[in-house]
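Enquirer: Mind looking over this structure? Questions follow.
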Amino acid sequence: MGFLIFVSMRYLLFIGLSILVACKSQPSTKERLIDAAITPDSIQEVFQEPAFSPADTIFKDVFKPLDGNWSGIFNILKPVSLPFQEGLRPKILTDSFWNTLQLEETSRISVNQKYVSTSPYFQKVYITDTYSSKDNNDRKESSTGVNKVENGQLLCIVNKPNEQVIHHGSTDGPNTIIWQRSIPKPLKIEYFYETVQENTYTIRGWGYYGDADTTLSPPTWFEGVYRRSSRP
């Protein structure tokens with residue numbers, strides 16, 4: 001889903017939402033991060049639909065709830081204070097946990113997304129991010145991508161203007177996909193929940209970028225809230 005930026009290293013997030021990459025996944029892997037660097041051999045043609053595998057059936061129509069057009073705001077946040085032990089990377093990002101966090105916004109991105117499923121296991125993604133500036137000279141960035149099931153794995157791949165971003169996924173109930181990636185150099189570690197309800201789509205998560213100290217709790221957090229503007 002997909003769904004995991006650039007003006008600064010902060011935008012390397014997503015973005016998640018506007019960002020996403022290739023990985024192994026199983027129905028529930030939220031207790032761990034898979035540390036795997038992207039290599040040239042792992043880069044995939046973004047709109048190439050893989051052959052169906054019997055292992056894919058466990059994820060049939062997992063992306064279907066996203067079909068349609070969405071718009072909203074993606075907020076990049078930093079912690080004021082966090083109610084958990086130093087160095088801990090939280091994996092259960094429920095509403096109750098999120099509401100205990102004290103975070104303040106550092107920047108925001110206006111996002112428009114379109115999702116089009118072409119099979120129960122393959123979905124095309126079109127993204128337009130608008131970055132605002134103080135001089136009202138807004139910058140738009142368009143990306144294309146896919147959400148797909150391949151050999152029993154959930155993959156979210158986005159081709160941005162200057163990079164291909166890949167996240168691997170696992171499910172947490174019928175409405176939530178957990179996306180994550182972990183690249184050591186340059187440092188890009190992300191973990192986020194993507195939850196779709198009837199007409200609301202949210203992304204909540206955290207990341208480490210650049211020279212961030214990975215022995216401490218995440219220095220960067222993000223939250224996207226989108227509303228459905230139309231269905232297929």
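Every chain in the structure tokens has a letter given in the order shown (A, B, ...), and although residue numbers restart at 1 in each chain, ligands are simply numbered from 1 in the order shown.
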Among stretch 72-219 of chain A, which ones does DSSP assign to strand (DSSP E) (computed from the backbone)? Answer as a PDB file with C-alpha atoms, in the first residue's frame.

Expert:
```
ATOM      1  CA  GLY A  72      -4.560  14.587   1.729  1.00  0.00           C
ATOM      2  CA  ILE A  73      -1.557  15.804   3.724  1.00  0.00           C
ATOM      3  CA  PHE A  74       1.603  13.929   4.660  1.00  0.00           C
ATOM      4  CA  ASN A  75       3.185  15.417   7.808  1.00  0.00           C
ATOM      5  CA  ILE A  76       6.823  14.933   8.782  1.00  0.00           C
ATOM      6  CA  LEU A  77       7.249  15.113  12.548  1.00  0.00           C
ATOM      7  CA  LYS A  78       9.900  15.132  15.244  1.00  0.00           C
ATOM      8  CA  PRO A  79       9.533  13.978  18.860  1.00  0.00           C
ATOM      9  CA  VAL A  80       9.128  16.447  21.694  1.00  0.00           C
ATOM     10  CA  SER A  81       9.272  13.591  24.158  1.00  0.00           C
ATOM     11  CA  GLN A 102       4.317  14.090  21.699  1.00  0.00           C
ATOM     12  CA  LEU A 103       5.303  15.092  18.180  1.00  0.00           C
ATOM     13  CA  GLU A 104       5.604  18.401  16.372  1.00  0.00           C
ATOM     14  CA  GLU A 105       5.416  19.048  12.636  1.00  0.00           C
ATOM     15  CA  THR A 106       8.585  19.993  10.775  1.00  0.00           C
ATOM     16  CA  SER A 107       7.173  19.991   7.225  1.00  0.00           C
ATOM     17  CA  ARG A 108       4.248  18.783   5.149  1.00  0.00           C
ATOM     18  CA  ILE A 109       3.499  17.536   1.646  1.00  0.00           C
ATOM     19  CA  SER A 110       0.185  17.710  -0.216  1.00  0.00           C
ATOM     20  CA  VAL A 111      -0.460  14.347  -1.850  1.00  0.00           C
ATOM     21  CA  ASN A 112      -2.741  13.089  -4.622  1.00  0.00           C
ATOM     22  CA  GLN A 113      -2.772   9.356  -5.370  1.00  0.00           C
ATOM     23  CA  LYS A 114      -4.564   7.080  -7.788  1.00  0.00           C
ATOM     24  CA  TYR A 115      -4.707   3.293  -7.389  1.00  0.00           C
ATOM     25  CA  VAL A 116      -5.851   0.951 -10.166  1.00  0.00           C
ATOM     26  CA  SER A 117      -5.964  -2.825  -9.619  1.00  0.00           C
ATOM     27  CA  THR A 118      -5.471  -4.891 -12.786  1.00  0.00           C
ATOM     28  CA  SER A 119      -5.702  -8.256 -11.002  1.00  0.00           C
ATOM     29  CA  PHE A 122      -1.311  -6.330  -8.920  1.00  0.00           C
ATOM     30  CA  GLN A 123      -2.125  -2.635  -8.571  1.00  0.00           C
ATOM     31  CA  LYS A 124      -0.776   0.411 -10.423  1.00  0.00           C
ATOM     32  CA  VAL A 125      -0.040   3.560  -8.432  1.00  0.00           C
ATOM     33  CA  TYR A 126       0.179   7.185  -9.617  1.00  0.00           C
ATOM     34  CA  ILE A 127       1.384   9.848  -7.160  1.00  0.00           C
ATOM     35  CA  THR A 128       1.695  13.631  -7.253  1.00  0.00           C
ATOM     36  CA  ASP A 129       3.444  15.282  -4.307  1.00  0.00           C
ATOM     37  CA  THR A 130       3.353  19.051  -3.868  1.00  0.00           C
ATOM     38  CA  TYR A 131       6.084  20.621  -1.735  1.00  0.00           C
ATOM     39  CA  ARG A 139       7.157  22.231  -6.465  1.00  0.00           C
ATOM     40  CA  LYS A 140       5.295  19.224  -7.849  1.00  0.00           C
ATOM     41  CA  GLU A 141       6.812  15.760  -8.161  1.00  0.00           C
ATOM     42  CA  SER A 142       5.133  12.907 -10.040  1.00  0.00           C
ATOM     43  CA  SER A 143       5.883   9.226  -9.436  1.00  0.00           C
ATOM     44  CA  THR A 144       4.564   5.901 -10.679  1.00  0.00           C
ATOM     45  CA  GLY A 145       4.607   2.593  -8.907  1.00  0.00           C
ATOM     46  CA  VAL A 146       2.967  -0.715  -8.148  1.00  0.00           C
ATOM     47  CA  ASN A 147       1.696  -2.713  -5.231  1.00  0.00           C
ATOM     48  CA  LYS A 148       2.012  -6.394  -6.007  1.00  0.00           C
ATOM     49  CA  VAL A 149       2.070  -9.922  -4.661  1.00  0.00           C
ATOM     50  CA  GLU A 150       4.925 -11.995  -6.044  1.00  0.00           C
ATOM     51  CA  GLN A 153       5.525 -11.664  -0.953  1.00  0.00           C
ATOM     52  CA  LEU A 154       4.026  -8.182  -0.671  1.00  0.00           C
ATOM     53  CA  LEU A 155       6.004  -5.572  -2.577  1.00  0.00           C
ATOM     54  CA  CYS A 156       5.486  -1.845  -2.985  1.00  0.00           C
ATOM     55  CA  ILE A 157       7.721  -0.235  -5.623  1.00  0.00           C
ATOM     56  CA  VAL A 158       7.719   3.439  -6.556  1.00  0.00           C
ATOM     57  CA  ASN A 159       9.773   5.056  -9.292  1.00  0.00           C
ATOM     58  CA  GLN A 164      13.412   3.695  -7.061  1.00  0.00           C
ATOM     59  CA  VAL A 165      11.988   3.020  -3.607  1.00  0.00           C
ATOM     60  CA  ILE A 166      10.987  -0.473  -2.519  1.00  0.00           C
ATOM     61  CA  HIS A 167       9.252  -1.602   0.647  1.00  0.00           C
ATOM     62  CA  HIS A 168       8.325  -5.093   1.727  1.00  0.00           C
ATOM     63  CA  GLY A 169       5.048  -5.742   3.509  1.00  0.00           C
ATOM     64  CA  SER A 170       3.153  -7.909   5.929  1.00  0.00           C
ATOM     65  CA  THR A 171      -0.465  -7.812   7.024  1.00  0.00           C
ATOM     66  CA  THR A 176      -3.643  -2.780   7.606  1.00  0.00           C
ATOM     67  CA  ILE A 177      -0.404  -3.461   5.777  1.00  0.00           C
ATOM     68  CA  ILE A 178       2.920  -2.917   7.537  1.00  0.00           C
ATOM     69  CA  TRP A 179       5.587  -1.640   5.135  1.00  0.00           C
ATOM     70  CA  GLN A 180       9.288  -1.472   5.902  1.00  0.00           C
ATOM     71  CA  ARG A 181      12.725  -1.104   4.418  1.00  0.00           C
ATOM     72  CA  SER A 182      16.236  -1.043   5.846  1.00  0.00           C
ATOM     73  CA  ILE A 183      19.212   0.194   3.834  1.00  0.00           C
ATOM     74  CA  LYS A 188      17.224   4.716   5.163  1.00  0.00           C
ATOM     75  CA  ILE A 189      15.233   2.730   7.698  1.00  0.00           C
ATOM     76  CA  GLU A 190      11.426   2.992   7.661  1.00  0.00           C
ATOM     77  CA  TYR A 191       8.539   1.224   9.338  1.00  0.00           C
ATOM     78  CA  PHE A 192       4.909   2.268   8.958  1.00  0.00           C
ATOM     79  CA  TYR A 193       1.295   1.158   9.140  1.00  0.00           C
ATOM     80  CA  GLU A 194      -0.939   1.735   6.119  1.00  0.00           C
ATOM     81  CA  THR A 195      -4.616   1.415   7.080  1.00  0.00           C
ATOM     82  CA  VAL A 196      -7.599   1.737   4.749  1.00  0.00           C
ATOM     83  CA  THR A 200     -10.096   7.200   4.906  1.00  0.00           C
ATOM     84  CA  TYR A 201      -6.543   6.056   4.331  1.00  0.00           C
ATOM     85  CA  THR A 202      -3.817   6.680   6.934  1.00  0.00           C
ATOM     86  CA  ILE A 203      -0.071   6.158   7.149  1.00  0.00           C
ATOM     87  CA  ARG A 204       1.757   6.281  10.473  1.00  0.00           C
ATOM     88  CA  GLY A 205       5.360   5.396  11.109  1.00  0.00           C
ATOM     89  CA  TRP A 206       8.946   6.353  11.803  1.00  0.00           C
ATOM     90  CA  GLY A 207      12.337   6.454  10.121  1.00  0.00           C
ATOM     91  CA  TYR A 208      16.092   6.955  10.378  1.00  0.00           C
ATOM     92  CA  TYR A 209      17.990   8.851   7.670  1.00  0.00           C
TER      93      TYR A 209
END
```

Enquirer: What lies within 12 Å of A:Gln197 using only C-alpha atoms, ignoring chain neighbours under 6 positions off, as a ChimeraX atom specification?

Expert: /A:64-67,174-176,203,225-228

Enquirer: Using Å and a single decimal, report how far atom CA of A:Lys185 sits from atom CA of A:Gly210.

Expert: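 A separation of 8.4 Å between them.
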
Enquirer: Separation of atom CA of A:Asp213 and atom CA of A:Arg89, in Å?

Expert: 12.3 Å

Enquirer: Excluding A:Ala55 and residues on its chain fewer than 2 positions from it, collect all residues at most 8 Å away from it, counting only C-alpha atoms, and give them as a list in words.

Expert: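 Near neighbours after the sequence-gap exclusion: Ser53, Thr57, Ile58, Asn151 and Gly152 of chain A.
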
Enquirer: Take the residues just selected and output them with N, CA and C atoms as an mmCIF file, in the first residue's frame.

Expert:
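Contents of result25.cif, freshly written:
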```cif
data_model
loop_
_atom_site.group_PDB
_atom_site.id
_atom_site.type_symbol
_atom_site.label_atom_id
_atom_site.label_comp_id
_atom_site.auth_asym_id
_atom_site.auth_seq_id
_atom_site.Cartn_x
_atom_site.Cartn_y
_atom_site.Cartn_z
ATOM 1 N N SER A 53 1.408 -17.132 -8.715
ATOM 2 C CA SER A 53 1.923 -18.274 -7.969
ATOM 3 C C SER A 53 0.884 -18.720 -6.956
ATOM 4 N N THR A 57 -2.133 -16.645 -3.158
ATOM 5 C CA THR A 57 -3.568 -16.627 -2.846
ATOM 6 C C THR A 57 -3.866 -16.127 -1.442
ATOM 7 N N ILE A 58 -2.932 -16.253 -0.520
ATOM 8 C CA ILE A 58 -3.151 -15.779 0.850
ATOM 9 C C ILE A 58 -3.376 -14.266 0.866
ATOM 10 N N ASN A 151 5.302 -14.348 -5.627
ATOM 11 C CA ASN A 151 5.835 -15.510 -4.916
ATOM 12 C C ASN A 151 5.508 -15.462 -3.426
ATOM 13 N N GLY A 152 4.275 -15.037 -3.110
ATOM 14 C CA GLY A 152 3.834 -14.994 -1.725
ATOM 15 C C GLY A 152 4.386 -13.832 -0.934
#
```

Enquirer: What does the structure give for the distance between atom CA of A:Pro232 and atom CA of A:Trp70, in Å to one decimal?

Expert: 11.4 Å
